>>> print(open('structure.pdb').read())   # PDB, C-alpha atoms
ATOM      1  CA  MET A   1       0.000   0.000   0.000  1.00  0.00           C
ATOM      2  CA  ALA A   2       1.489   3.321  -1.128  1.00  0.00           C
ATOM      3  CA  THR A   3       0.908   6.846   0.148  1.00  0.00           C
ATOM      4  CA  HIS A   4       0.214   9.498  -2.468  1.00  0.00           C
ATOM      5  CA  VAL A   5       0.211  13.259  -1.965  1.00  0.00           C
ATOM      6  CA  ILE A   6      -2.057  14.762  -4.640  1.00  0.00           C
ATOM      7  CA  THR A   7      -2.912  18.297  -5.682  1.00  0.00           C
ATOM      8  CA  GLY A   8      -5.950  19.011  -7.842  1.00  0.00           C
ATOM      9  CA  ALA A   9      -8.010  16.058  -6.587  1.00  0.00           C
ATOM     10  CA  GLY A  10     -11.243  18.040  -6.731  1.00  0.00           C
ATOM     11  CA  SER A  11     -11.902  17.787 -10.463  1.00  0.00           C
ATOM     12  CA  GLY A  12     -10.650  16.664 -13.857  1.00  0.00           C
ATOM     13  CA  ILE A  13      -7.486  14.587 -14.054  1.00  0.00           C
ATOM     14  CA  GLY A  14      -6.760  14.903 -10.337  1.00  0.00           C
ATOM     15  CA  ALA A  15     -10.179  13.572  -9.368  1.00  0.00           C
ATOM     16  CA  ALA A  16      -9.813  10.642 -11.764  1.00  0.00           C
ATOM     17  CA  VAL A  17      -6.393   9.732 -10.336  1.00  0.00           C
ATOM     18  CA  ALA A  18      -7.508  10.095  -6.716  1.00  0.00           C
ATOM     19  CA  ALA A  19     -10.594   7.944  -7.285  1.00  0.00           C
ATOM     20  CA  ARG A  20      -8.561   5.158  -8.910  1.00  0.00           C
ATOM     21  CA  LEU A  21      -5.915   5.106  -6.193  1.00  0.00           C
ATOM     22  CA  HIS A  22      -8.542   5.296  -3.428  1.00  0.00           C
ATOM     23  CA  ALA A  23     -10.513   2.417  -4.955  1.00  0.00           C
ATOM     24  CA  ARG A  24      -7.495   0.117  -4.870  1.00  0.00           C
ATOM     25  CA  GLY A  25      -6.852   0.876  -1.196  1.00  0.00           C
ATOM     26  CA  ASP A  26      -3.858   3.206  -1.337  1.00  0.00           C
ATOM     27  CA  ASP A  27      -3.446   5.984   1.221  1.00  0.00           C
ATOM     28  CA  LEU A  28      -4.213   9.490  -0.024  1.00  0.00           C
ATOM     29  CA  VAL A  29      -3.017  12.843   1.270  1.00  0.00           C
ATOM     30  CA  LEU A  30      -5.023  15.501  -0.556  1.00  0.00           C
ATOM     31  CA  LEU A  31      -4.091  19.164  -0.647  1.00  0.00           C
ATOM     32  CA  ALA A  32      -7.022  21.583  -0.401  1.00  0.00           C
ATOM     33  CA  ARG A  33      -6.962  25.364  -0.674  1.00  0.00           C
ATOM     34  CA  ASN A  34      -9.183  25.907   2.378  1.00  0.00           C
ATOM     35  CA  ALA A  35     -10.956  24.030   5.193  1.00  0.00           C
ATOM     36  CA  GLY A  36     -14.256  23.842   3.318  1.00  0.00           C
ATOM     37  CA  ARG A  37     -12.618  22.225   0.321  1.00  0.00           C
ATOM     38  CA  ALA A  38     -10.742  19.854   2.624  1.00  0.00           C
ATOM     39  CA  LYS A  39     -14.034  18.657   4.123  1.00  0.00           C
ATOM     40  CA  GLU A  40     -15.462  18.046   0.648  1.00  0.00           C
ATOM     41  CA  LEU A  41     -12.451  15.921  -0.280  1.00  0.00           C
ATOM     42  CA  ALA A  42     -12.532  13.998   3.018  1.00  0.00           C
ATOM     43  CA  ASP A  43     -16.203  13.194   2.461  1.00  0.00           C
ATOM     44  CA  ARG A  44     -15.550  12.086  -1.115  1.00  0.00           C
ATOM     45  CA  TYR A  45     -12.576   9.876  -0.217  1.00  0.00           C
ATOM     46  CA  PRO A  46     -13.239   8.279   3.185  1.00  0.00           C
ATOM     47  CA  GLY A  47     -10.034   7.611   5.090  1.00  0.00           C
ATOM     48  CA  ALA A  48      -7.980  10.110   3.131  1.00  0.00           C
ATOM     49  CA  GLN A  49      -5.878  12.679   4.965  1.00  0.00           C
ATOM     50  CA  THR A  50      -6.249  16.306   3.918  1.00  0.00           C
ATOM     51  CA  LEU A  51      -3.791  19.180   4.128  1.00  0.00           C
ATOM     52  CA  VAL A  52      -4.870  22.789   3.801  1.00  0.00           C
ATOM     53  CA  GLY A  53      -2.601  25.043   1.774  1.00  0.00           C
ATOM     54  CA  ASP A  54      -3.343  27.520  -0.988  1.00  0.00           C
ATOM     55  CA  LEU A  55      -1.176  26.994  -4.072  1.00  0.00           C
ATOM     56  CA  ALA A  56      -1.915  30.582  -5.047  1.00  0.00           C
ATOM     57  CA  GLU A  57       0.128  31.648  -2.009  1.00  0.00           C
ATOM     58  CA  PRO A  58       3.215  29.411  -2.040  1.00  0.00           C
ATOM     59  CA  ASP A  59       5.040  31.728   0.357  1.00  0.00           C
ATOM     60  CA  ARG A  60       2.526  30.723   3.047  1.00  0.00           C
ATOM     61  CA  LEU A  61       2.719  26.966   2.548  1.00  0.00           C
ATOM     62  CA  SER A  62       5.504  26.547   5.114  1.00  0.00           C
ATOM     63  CA  TRP A  63       3.438  28.403   7.713  1.00  0.00           C
ATOM     64  CA  ALA A  64       0.309  26.386   6.849  1.00  0.00           C
ATOM     65  CA  PHE A  65       2.135  23.068   7.101  1.00  0.00           C
ATOM     66  CA  SER A  66       3.746  24.032  10.399  1.00  0.00           C
ATOM     67  CA  HIS A  67       0.246  23.981  11.939  1.00  0.00           C
ATOM     68  CA  GLN A  68      -0.647  20.546  10.521  1.00  0.00           C
ATOM     69  CA  SER A  69       0.698  17.006  10.635  1.00  0.00           C
ATOM     70  CA  LEU A  70       2.534  16.022   7.484  1.00  0.00           C
ATOM     71  CA  PRO A  71       2.557  12.319   6.556  1.00  0.00           C
ATOM     72  CA  ASP A  72       5.522  10.312   7.823  1.00  0.00           C
ATOM     73  CA  ARG A  73       5.619   8.312   4.593  1.00  0.00           C
ATOM     74  CA  VAL A  74       5.266   9.557   1.027  1.00  0.00           C
ATOM     75  CA  ASP A  75       5.698   7.262  -1.969  1.00  0.00           C
ATOM     76  CA  THR A  76       4.475   9.590  -4.709  1.00  0.00           C
ATOM     77  CA  LEU A  77       3.919  13.311  -5.020  1.00  0.00           C
ATOM     78  CA  LEU A  78       1.477  14.056  -7.824  1.00  0.00           C
ATOM     79  CA  HIS A  79       1.353  17.668  -8.994  1.00  0.00           C
ATOM     80  CA  ILE A  80      -1.928  17.871 -10.916  1.00  0.00           C
ATOM     81  CA  ALA A  81      -3.497  21.224  -9.960  1.00  0.00           C
ATOM     82  CA  GLY A  82      -3.152  24.178 -12.312  1.00  0.00           C
ATOM     83  CA  VAL A  83      -4.707  27.427 -13.483  1.00  0.00           C
ATOM     84  CA  VAL A  84      -4.941  29.090 -16.895  1.00  0.00           C
ATOM     85  CA  ASP A  85      -5.643  32.588 -18.185  1.00  0.00           C
ATOM     86  CA  LEU A  86      -5.235  33.376 -21.859  1.00  0.00           C
ATOM     87  CA  GLY A  87      -4.522  36.637 -23.623  1.00  0.00           C
ATOM     88  CA  PRO A  88      -2.031  38.417 -25.865  1.00  0.00           C
ATOM     89  CA  VAL A  89       1.211  39.575 -24.307  1.00  0.00           C
ATOM     90  CA  GLY A  90       0.184  43.174 -24.854  1.00  0.00           C
ATOM     91  CA  ASP A  91      -2.872  42.729 -22.620  1.00  0.00           C
ATOM     92  CA  LEU A  92      -1.590  40.525 -19.806  1.00  0.00           C
ATOM     93  CA  THR A  93      -1.038  42.280 -16.499  1.00  0.00           C
ATOM     94  CA  THR A  94       1.612  41.336 -13.977  1.00  0.00           C
ATOM     95  CA  LYS A  95      -1.187  39.984 -11.759  1.00  0.00           C
ATOM     96  CA  ILE A  96      -2.196  37.474 -14.453  1.00  0.00           C
ATOM     97  CA  TRP A  97       1.414  36.488 -15.064  1.00  0.00           C
ATOM     98  CA  ARG A  98       2.128  36.101 -11.374  1.00  0.00           C
ATOM     99  CA  SER A  99      -0.975  34.054 -10.561  1.00  0.00           C
ATOM    100  CA  GLN A 100      -0.101  31.406 -13.148  1.00  0.00           C
ATOM    101  CA  LEU A 101       3.566  31.277 -12.207  1.00  0.00           C
ATOM    102  CA  GLU A 102       2.676  30.963  -8.499  1.00  0.00           C
ATOM    103  CA  VAL A 103       0.232  28.059  -8.909  1.00  0.00           C
ATOM    104  CA  ASN A 104       1.741  26.243 -11.874  1.00  0.00           C
ATOM    105  CA  LEU A 105       5.458  26.531 -11.081  1.00  0.00           C
ATOM    106  CA  ILE A 106       6.456  28.014  -7.727  1.00  0.00           C
ATOM    107  CA  ALA A 107       3.940  26.054  -5.640  1.00  0.00           C
ATOM    108  CA  PRO A 108       5.026  22.679  -7.110  1.00  0.00           C
ATOM    109  CA  ALA A 109       8.651  23.583  -6.373  1.00  0.00           C
ATOM    110  CA  GLU A 110       7.770  24.505  -2.788  1.00  0.00           C
ATOM    111  CA  LEU A 111       5.675  21.369  -2.237  1.00  0.00           C
ATOM    112  CA  THR A 112       8.469  19.228  -3.627  1.00  0.00           C
ATOM    113  CA  ARG A 113      10.922  20.855  -1.235  1.00  0.00           C
ATOM    114  CA  HIS A 114       8.676  20.038   1.715  1.00  0.00           C
ATOM    115  CA  PHE A 115       8.184  16.374   0.812  1.00  0.00           C
ATOM    116  CA  LEU A 116      11.663  15.497  -0.474  1.00  0.00           C
ATOM    117  CA  PRO A 117      12.838  14.095   2.890  1.00  0.00           C
ATOM    118  CA  GLN A 118      10.019  11.510   2.921  1.00  0.00           C
ATOM    119  CA  LEU A 119      10.424  10.765  -0.791  1.00  0.00           C
ATOM    120  CA  ARG A 120      14.135  10.118  -0.382  1.00  0.00           C
ATOM    121  CA  VAL A 121      13.463   7.573   2.350  1.00  0.00           C
ATOM    122  CA  THR A 122      11.008   5.627   0.170  1.00  0.00           C
ATOM    123  CA  GLN A 123      12.956   6.203  -3.060  1.00  0.00           C
ATOM    124  CA  GLY A 124       9.676   7.584  -4.266  1.00  0.00           C
ATOM    125  CA  HIS A 125       8.275   9.239  -7.348  1.00  0.00           C
ATOM    126  CA  VAL A 126       7.454  12.856  -8.233  1.00  0.00           C
ATOM    127  CA  LEU A 127       5.054  13.286 -11.142  1.00  0.00           C
ATOM    128  CA  PHE A 128       4.198  16.596 -12.779  1.00  0.00           C
ATOM    129  CA  VAL A 129       1.113  16.973 -14.937  1.00  0.00           C
ATOM    130  CA  ASN A 130       2.293  19.537 -17.439  1.00  0.00           C
ATOM    131  CA  SER A 131       0.592  20.402 -20.746  1.00  0.00           C
ATOM    132  CA  GLY A 132       1.215  20.431 -24.454  1.00  0.00           C
ATOM    133  CA  ALA A 133       1.808  24.143 -23.813  1.00  0.00           C
ATOM    134  CA  GLY A 134       4.874  23.114 -21.822  1.00  0.00           C
ATOM    135  CA  LEU A 135       6.468  22.006 -25.096  1.00  0.00           C
ATOM    136  CA  ASN A 136       5.063  24.518 -27.595  1.00  0.00           C
ATOM    137  CA  ALA A 137       3.758  28.039 -26.997  1.00  0.00           C
ATOM    138  CA  HIS A 138       1.066  29.504 -29.238  1.00  0.00           C
ATOM    139  CA  ALA A 139      -0.515  32.925 -29.569  1.00  0.00           C
ATOM    140  CA  ASN A 140      -2.398  34.048 -26.436  1.00  0.00           C
ATOM    141  CA  TRP A 141      -0.860  31.285 -24.319  1.00  0.00           C
ATOM    142  CA  SER A 142       2.349  33.073 -23.255  1.00  0.00           C
ATOM    143  CA  ALA A 143       1.890  33.237 -19.463  1.00  0.00           C
ATOM    144  CA  TYR A 144       0.467  29.740 -19.101  1.00  0.00           C
ATOM    145  CA  ALA A 145       3.033  28.256 -21.483  1.00  0.00           C
ATOM    146  CA  ALA A 146       5.867  30.038 -19.663  1.00  0.00           C
ATOM    147  CA  SER A 147       4.739  28.536 -16.357  1.00  0.00           C
ATOM    148  CA  LYS A 148       4.590  25.093 -17.937  1.00  0.00           C
ATOM    149  CA  HIS A 149       7.942  25.432 -19.703  1.00  0.00           C
ATOM    150  CA  GLY A 150       9.319  26.321 -16.287  1.00  0.00           C
ATOM    151  CA  LEU A 151       7.646  23.258 -14.794  1.00  0.00           C
ATOM    152  CA  LYS A 152       9.450  21.079 -17.352  1.00  0.00           C
ATOM    153  CA  ALA A 153      12.746  22.657 -16.294  1.00  0.00           C
ATOM    154  CA  LEU A 154      11.915  22.009 -12.642  1.00  0.00           C
ATOM    155  CA  ALA A 155      11.197  18.339 -13.359  1.00  0.00           C
ATOM    156  CA  ASP A 156      14.316  17.867 -15.479  1.00  0.00           C
ATOM    157  CA  SER A 157      16.579  19.444 -12.860  1.00  0.00           C
ATOM    158  CA  LEU A 158      14.960  17.480 -10.050  1.00  0.00           C
ATOM    159  CA  ARG A 159      15.467  14.229 -11.960  1.00  0.00           C
ATOM    160  CA  HIS A 160      19.198  14.822 -12.290  1.00  0.00           C
ATOM    161  CA  GLU A 161      19.593  16.021  -8.694  1.00  0.00           C
ATOM    162  CA  GLU A 162      17.677  13.183  -7.057  1.00  0.00           C
ATOM    163  CA  LYS A 163      18.732  10.236  -9.198  1.00  0.00           C
ATOM    164  CA  PRO A 164      21.480   9.343  -6.689  1.00  0.00           C
ATOM    165  CA  ASN A 165      18.761   9.169  -4.016  1.00  0.00           C
ATOM    166  CA  GLY A 166      16.690   6.727  -6.054  1.00  0.00           C
ATOM    167  CA  LEU A 167      13.829   9.106  -6.893  1.00  0.00           C
ATOM    168  CA  ARG A 168      11.980   8.808 -10.168  1.00  0.00           C
ATOM    169  CA  VAL A 169      10.596  11.945 -11.841  1.00  0.00           C
ATOM    170  CA  THR A 170       7.966  11.935 -14.571  1.00  0.00           C
ATOM    171  CA  THR A 171       6.371  14.694 -16.594  1.00  0.00           C
ATOM    172  CA  VAL A 172       3.067  13.978 -18.345  1.00  0.00           C
ATOM    173  CA  TYR A 173       2.004  16.317 -21.150  1.00  0.00           C
ATOM    174  CA  PRO A 174      -1.730  15.930 -21.781  1.00  0.00           C
ATOM    175  CA  GLY A 175      -3.403  17.524 -24.748  1.00  0.00           C
ATOM    176  CA  ARG A 176      -6.809  19.107 -24.336  1.00  0.00           C
ATOM    177  CA  THR A 177      -8.680  17.128 -21.709  1.00  0.00           C
ATOM    178  CA  THR A 178     -12.328  17.338 -20.691  1.00  0.00           C
ATOM    179  CA  SER A 179     -12.422  19.360 -17.470  1.00  0.00           C
ATOM    180  CA  PRO A 180     -13.700  22.607 -15.952  1.00  0.00           C
ATOM    181  CA  MET A 181     -10.374  24.165 -16.967  1.00  0.00           C
ATOM    182  CA  GLN A 182     -10.960  23.190 -20.575  1.00  0.00           C
ATOM    183  CA  ALA A 183     -14.416  24.731 -20.457  1.00  0.00           C
ATOM    184  CA  LYS A 184     -12.803  27.974 -19.225  1.00  0.00           C
ATOM    185  CA  VAL A 185     -10.238  27.853 -22.027  1.00  0.00           C
ATOM    186  CA  HIS A 186     -12.976  27.564 -24.640  1.00  0.00           C
ATOM    187  CA  GLN A 187     -14.845  30.442 -23.055  1.00  0.00           C
ATOM    188  CA  GLN A 188     -11.716  32.601 -23.209  1.00  0.00           C
ATOM    189  CA  GLU A 189     -11.109  31.550 -26.812  1.00  0.00           C
ATOM    190  CA  GLY A 190     -14.713  32.331 -27.709  1.00  0.00           C
ATOM    191  CA  SER A 191     -15.264  28.824 -29.075  1.00  0.00           C
ATOM    192  CA  GLU A 192     -17.921  26.197 -28.449  1.00  0.00           C
ATOM    193  CA  TYR A 193     -16.958  23.572 -25.866  1.00  0.00           C
ATOM    194  CA  ASP A 194     -17.758  19.984 -26.836  1.00  0.00           C
ATOM    195  CA  PRO A 195     -16.374  17.620 -24.141  1.00  0.00           C
ATOM    196  CA  ALA A 196     -16.690  14.641 -26.492  1.00  0.00           C
ATOM    197  CA  ARG A 197     -13.927  16.055 -28.703  1.00  0.00           C
ATOM    198  CA  TRP A 198     -11.232  15.874 -26.056  1.00  0.00           C
ATOM    199  CA  ILE A 199      -9.352  13.356 -23.926  1.00  0.00           C
ATOM    200  CA  ASP A 200     -11.288  11.747 -21.093  1.00  0.00           C
ATOM    201  CA  PRO A 201      -9.592  12.433 -17.734  1.00  0.00           C
ATOM    202  CA  GLU A 202      -9.684   8.682 -17.089  1.00  0.00           C
ATOM    203  CA  SER A 203      -7.320   8.156 -20.016  1.00  0.00           C
ATOM    204  CA  VAL A 204      -4.758  10.568 -18.587  1.00  0.00           C
ATOM    205  CA  ALA A 205      -5.220   8.921 -15.183  1.00  0.00           C
ATOM    206  CA  THR A 206      -4.343   5.583 -16.793  1.00  0.00           C
ATOM    207  CA  ALA A 207      -1.102   7.080 -18.142  1.00  0.00           C
ATOM    208  CA  ILE A 208      -0.221   8.557 -14.738  1.00  0.00           C
ATOM    209  CA  ILE A 209      -0.879   5.331 -12.843  1.00  0.00           C
ATOM    210  CA  THR A 210       1.077   3.361 -15.426  1.00  0.00           C
ATOM    211  CA  ALA A 211       4.073   5.626 -14.796  1.00  0.00           C
ATOM    212  CA  ILE A 212       3.980   5.356 -11.010  1.00  0.00           C
ATOM    213  CA  ASP A 213       3.320   1.585 -11.074  1.00  0.00           C
ATOM    214  CA  LEU A 214       6.161   0.840 -13.464  1.00  0.00           C
ATOM    215  CA  PRO A 215       8.660  -1.678 -12.026  1.00  0.00           C
ATOM    216  CA  ARG A 216      11.799  -0.166 -10.570  1.00  0.00           C
ATOM    217  CA  ASP A 217      13.999  -1.351 -13.439  1.00  0.00           C
ATOM    218  CA  ALA A 218      12.530   1.367 -15.660  1.00  0.00           C
ATOM    219  CA  GLU A 219      11.398   4.983 -15.522  1.00  0.00           C
ATOM    220  CA  ILE A 220       9.003   6.960 -17.693  1.00  0.00           C
ATOM    221  CA  THR A 221      10.570  10.407 -17.806  1.00  0.00           C
ATOM    222  CA  ASP A 222       8.349  12.241 -20.319  1.00  0.00           C
ATOM    223  CA  LEU A 223       5.000  11.136 -21.678  1.00  0.00           C
ATOM    224  CA  SER A 224       2.765  13.001 -24.132  1.00  0.00           C
ATOM    225  CA  VAL A 225      -0.942  12.100 -24.208  1.00  0.00           C
ATOM    226  CA  ARG A 226      -2.719  13.483 -27.259  1.00  0.00           C
ATOM    227  CA  PRO A 227      -6.400  13.521 -28.260  1.00  0.00           C
ATOM    228  CA  GLY A 228      -7.198  10.404 -30.257  1.00  0.00           C
ATOM    229  CA  ARG A 229     -10.387  11.640 -31.898  1.00  0.00           C
TER     230      ARG A 229
END
>>> encode(input="structure.pdb", output="structure tokens")
Amino acid sequence: MATHVITGAGSGIGAAVAARLHARGDDLVLLARNAGRAKELADRYPGAQTLVGDLAEPDRLSWAFSHQSLPDRVDTLLHIAGVVDLGPVGDLTTKIWRSQLEVNLIAPAELTRHFLPQLRVTQGHVLFVNSGAGLNAHANWSAYAASKHGLKALADSLRHEEKPNGLRVTTVYPGRTTSPMQAKVHQQEGSEYDPARWIDPESVATAIITAIDLPRDAEITDLSVRPGR
């Protein structure tokens, strides 16, 4: 039985992963942005531990965790939460830039720092759910893509640094996936949202679980998951 720390378990890919791991009896530690959200997650996944910490304020995560009990054991740290705001470079304010960098890049780095001691003991696994935008940036995607390009750099550096400690590091790059975030993207693009056109979150969850369940003689470092329709 493994212990998984998961961000973004409330919806989309994160919810699909959490449900699969919970169903097979693994221990979950779910990060929630506030106490109300933590209660919702605890009710949805009986037996799961919750931690309250707002990814939008990574500078306060240390303080938040100092008032809570962190798990003694961590086998995997799954960074799945993210935010997106589109717009041309000429229109994006520093607030929009900062909010995406804080949640999508700085918070994962800070969470990883906090859980590295436990992960080193278990020779665990850190998995980052990135995006196709972490490999290619298109018009109106500059801030989001920059945060995701940075997340790739974080994962690559971490992999090299922690290889001597036995950690595995994986980045998954999903294409457009059915989720509330995707609905928001379509709204910002001014296009019609048809969930049937895009990847089911369960399919990305299958890729993620395949990576973390892989036998120790191998490591999936980078995995792109593209729409098949």
>>> atom_distance(input="structure.pdb", atom1="atom CA of Thr112 of chain A", atom2="atom CA of Gly25 of chain A")
24.0 Å
>>> residues_around(input="structure.pdb", residues="Ala143 of chain A", least_positions_apart="2", cutoff="10 Å", atoms="only C-alpha atoms", output="JSON list (two decimals) with C-alpha atoms, in the coordinates of the input")
[["chain", "number", "residue", "atom", "x", "y", "z"],
["A", 84, "VAL", "CA", -4.94, 29.09, -16.90],
["A", 85, "ASP", "CA", -5.64, 32.59, -18.18],
["A", 86, "LEU", "CA", -5.24, 33.38, -21.86],
["A", 87, "GLY", "CA", -4.52, 36.64, -23.62],
["A", 88, "PRO", "CA", -2.03, 38.42, -25.86],
["A", 89, "VAL", "CA", 1.21, 39.58, -24.31],
["A", 92, "LEU", "CA", -1.59, 40.52, -19.81],
["A", 93, "THR", "CA", -1.04, 42.28, -16.50],
["A", 94, "THR", "CA", 1.61, 41.34, -13.98],
["A", 96, "ILE", "CA", -2.20, 37.47, -14.45],
["A", 97, "TRP", "CA", 1.41, 36.49, -15.06],
["A", 98, "ARG", "CA", 2.13, 36.10, -11.37],
["A", 99, "SER", "CA", -0.98, 34.05, -10.56],
["A", 100, "GLN", "CA", -0.10, 31.41, -13.15],
["A", 101, "LEU", "CA", 3.57, 31.28, -12.21],
["A", 137, "ALA", "CA", 3.76, 28.04, -27.00],
["A", 140, "ASN", "CA", -2.40, 34.05, -26.44],
["A", 141, "TRP", "CA", -0.86, 31.28, -24.32],
["A", 145, "ALA", "CA", 3.03, 28.26, -21.48],
["A", 146, "ALA", "CA", 5.87, 30.04, -19.66],
["A", 147, "SER", "CA", 4.74, 28.54, -16.36],
["A", 148, "LYS", "CA", 4.59, 25.09, -17.94],
["A", 149, "HIS", "CA", 7.94, 25.43, -19.70]]
>>> atom_distance(input="structure.pdb", atom1="atom CA of Val169 of chain A", atom2="atom CA of Asp27 of chain A")
20.1 Å
>>> residues_around(input="structure.pdb", residues="segment 74-83 of chain A", least_positions_apart="3", cutoff="6 Å", atoms="only C-alpha atoms", output="ChimeraX atom specification")
/A:2-8,14,104,118-119,122,124-129
>>> atom_distance(input="structure.pdb", atom1="atom CA of Asp222 of chain A", atom2="atom CA of Ala109 of chain A")
18.0 Å
>>> resolve_selection(input="structure.pdb", expression="the PyMOL selection byres ((chain A and resi 181) around 10)", output="short mmCIF file (atom, residue, chain, number, x, y, z; two decimals) with C-alpha atoms, keeping the file's coordinate frame")
data_model
loop_
_atom_site.label_atom_id
_atom_site.label_comp_id
_atom_site.auth_asym_id
_atom_site.auth_seq_id
_atom_site.Cartn_x
_atom_site.Cartn_y
_atom_site.Cartn_z
CA SER A 11 -11.90 17.79 -10.46
CA GLY A 12 -10.65 16.66 -13.86
CA GLY A 82 -3.15 24.18 -12.31
CA VAL A 83 -4.71 27.43 -13.48
CA VAL A 84 -4.94 29.09 -16.90
CA ASP A 85 -5.64 32.59 -18.18
CA ARG A 176 -6.81 19.11 -24.34
CA THR A 177 -8.68 17.13 -21.71
CA THR A 178 -12.33 17.34 -20.69
CA SER A 179 -12.42 19.36 -17.47
CA PRO A 180 -13.70 22.61 -15.95
CA GLN A 182 -10.96 23.19 -20.58
CA ALA A 183 -14.42 24.73 -20.46
CA LYS A 184 -12.80 27.97 -19.23
CA VAL A 185 -10.24 27.85 -22.03
CA HIS A 186 -12.98 27.56 -24.64
CA GLN A 187 -14.84 30.44 -23.06
#
>>> residues_around(input="structure.pdb", residues="Asn130 of chain A", least_positions_apart="6", cutoff="7 Å", atoms="all atoms listed in the file", output="list in words")
Lys148, Thr171, Val172, Tyr173 and Pro174 of chain A
>>> resolve_selection(input="structure.pdb", expression="the PyMOL selection byres ((chain A and resi 47) around 10)", output="number ranges by chain")
A: 22, 25-29, 42-46, 48-50
>>> resolve_selection(input="structure.pdb", expression="the PyMOL selection byres ((chain A and resi 52) around 9)", output="ChimeraX atom specification")
/A:30-35,37-38,50-51,53-54,61,64-65,68
>>> closest_residue(input="structure.pdb", among="A:Ile199, A:Met1, A:Leu223, A:Leu151", to="Val103 of chain A", atoms="all atoms listed in the file")
A:Leu151
>>> axis_aligned_box(input="structure.pdb", around="segment 7-14 of chain A", padding_each_side="5 Å", output="lines of an AutoDock Vina configuration file")
center_x = -7.4
center_y = 16.8
center_z = -9.9
size_x = 19.0
size_y = 14.4
size_z = 18.4
>>> closest_residue(input="structure.pdb", among="A:Gly36, A:Asn136, A:Leu55, A:Thr221", to="Asp156 of chain A", atoms="only C-alpha atoms")
A:Thr221
>>> decode(input="structure.pdb", residues="segment 188-193 of chain A", atoms="all heavy atoms", output="short mmCIF file (atom, residue, chain, number, x, y, z; two decimals), in the first residue's frame")
data_model
loop_
_atom_site.label_atom_id
_atom_site.label_comp_id
_atom_site.auth_asym_id
_atom_site.auth_seq_id
_atom_site.Cartn_x
_atom_site.Cartn_y
_atom_site.Cartn_z
N GLN A 188 -12.66 31.53 -22.93
CA GLN A 188 -11.72 32.60 -23.21
C GLN A 188 -11.37 32.69 -24.69
O GLN A 188 -11.08 33.78 -25.20
CB GLN A 188 -10.45 32.40 -22.38
CG GLN A 188 -10.67 32.57 -20.88
CD GLN A 188 -9.39 32.40 -20.08
OE1 GLN A 188 -8.45 31.75 -20.52
NE2 GLN A 188 -9.36 32.96 -18.89
N GLU A 189 -11.39 31.56 -25.37
CA GLU A 189 -11.11 31.55 -26.81
C GLU A 189 -12.32 31.98 -27.63
O GLU A 189 -12.19 32.25 -28.82
CB GLU A 189 -10.67 30.15 -27.25
CG GLU A 189 -9.30 29.73 -26.73
CD GLU A 189 -8.95 28.32 -27.13
OE1 GLU A 189 -9.87 27.47 -27.24
OE2 GLU A 189 -7.76 28.03 -27.31
N GLY A 190 -13.49 31.99 -26.99
CA GLY A 190 -14.71 32.33 -27.71
C GLY A 190 -15.19 31.22 -28.62
O GLY A 190 -15.84 31.47 -29.65
N SER A 191 -14.88 29.97 -28.25
CA SER A 191 -15.26 28.82 -29.07
C SER A 191 -16.22 27.91 -28.32
O SER A 191 -16.29 27.95 -27.08
CB SER A 191 -14.02 28.03 -29.50
OG SER A 191 -13.28 27.60 -28.37
N GLU A 192 -16.96 27.11 -29.06
CA GLU A 192 -17.92 26.20 -28.45
C GLU A 192 -17.18 25.03 -27.80
O GLU A 192 -16.26 24.46 -28.39
CB GLU A 192 -18.90 25.67 -29.50
CG GLU A 192 -19.97 24.76 -28.94
CD GLU A 192 -20.93 24.26 -30.01
OE1 GLU A 192 -20.82 24.74 -31.16
OE2 GLU A 192 -21.75 23.38 -29.70
N TYR A 193 -17.61 24.67 -26.60
CA TYR A 193 -16.96 23.57 -25.87
C TYR A 193 -17.77 22.30 -26.04
O TYR A 193 -18.92 22.21 -25.62
CB TYR A 193 -16.85 23.94 -24.38
CG TYR A 193 -16.27 22.84 -23.51
CD1 TYR A 193 -15.07 22.21 -23.84
CD2 TYR A 193 -16.92 22.45 -22.34
CE1 TYR A 193 -14.54 21.22 -23.05
CE2 TYR A 193 -16.38 21.46 -21.53
CZ TYR A 193 -15.20 20.84 -21.89
OH TYR A 193 -14.68 19.85 -21.09
#
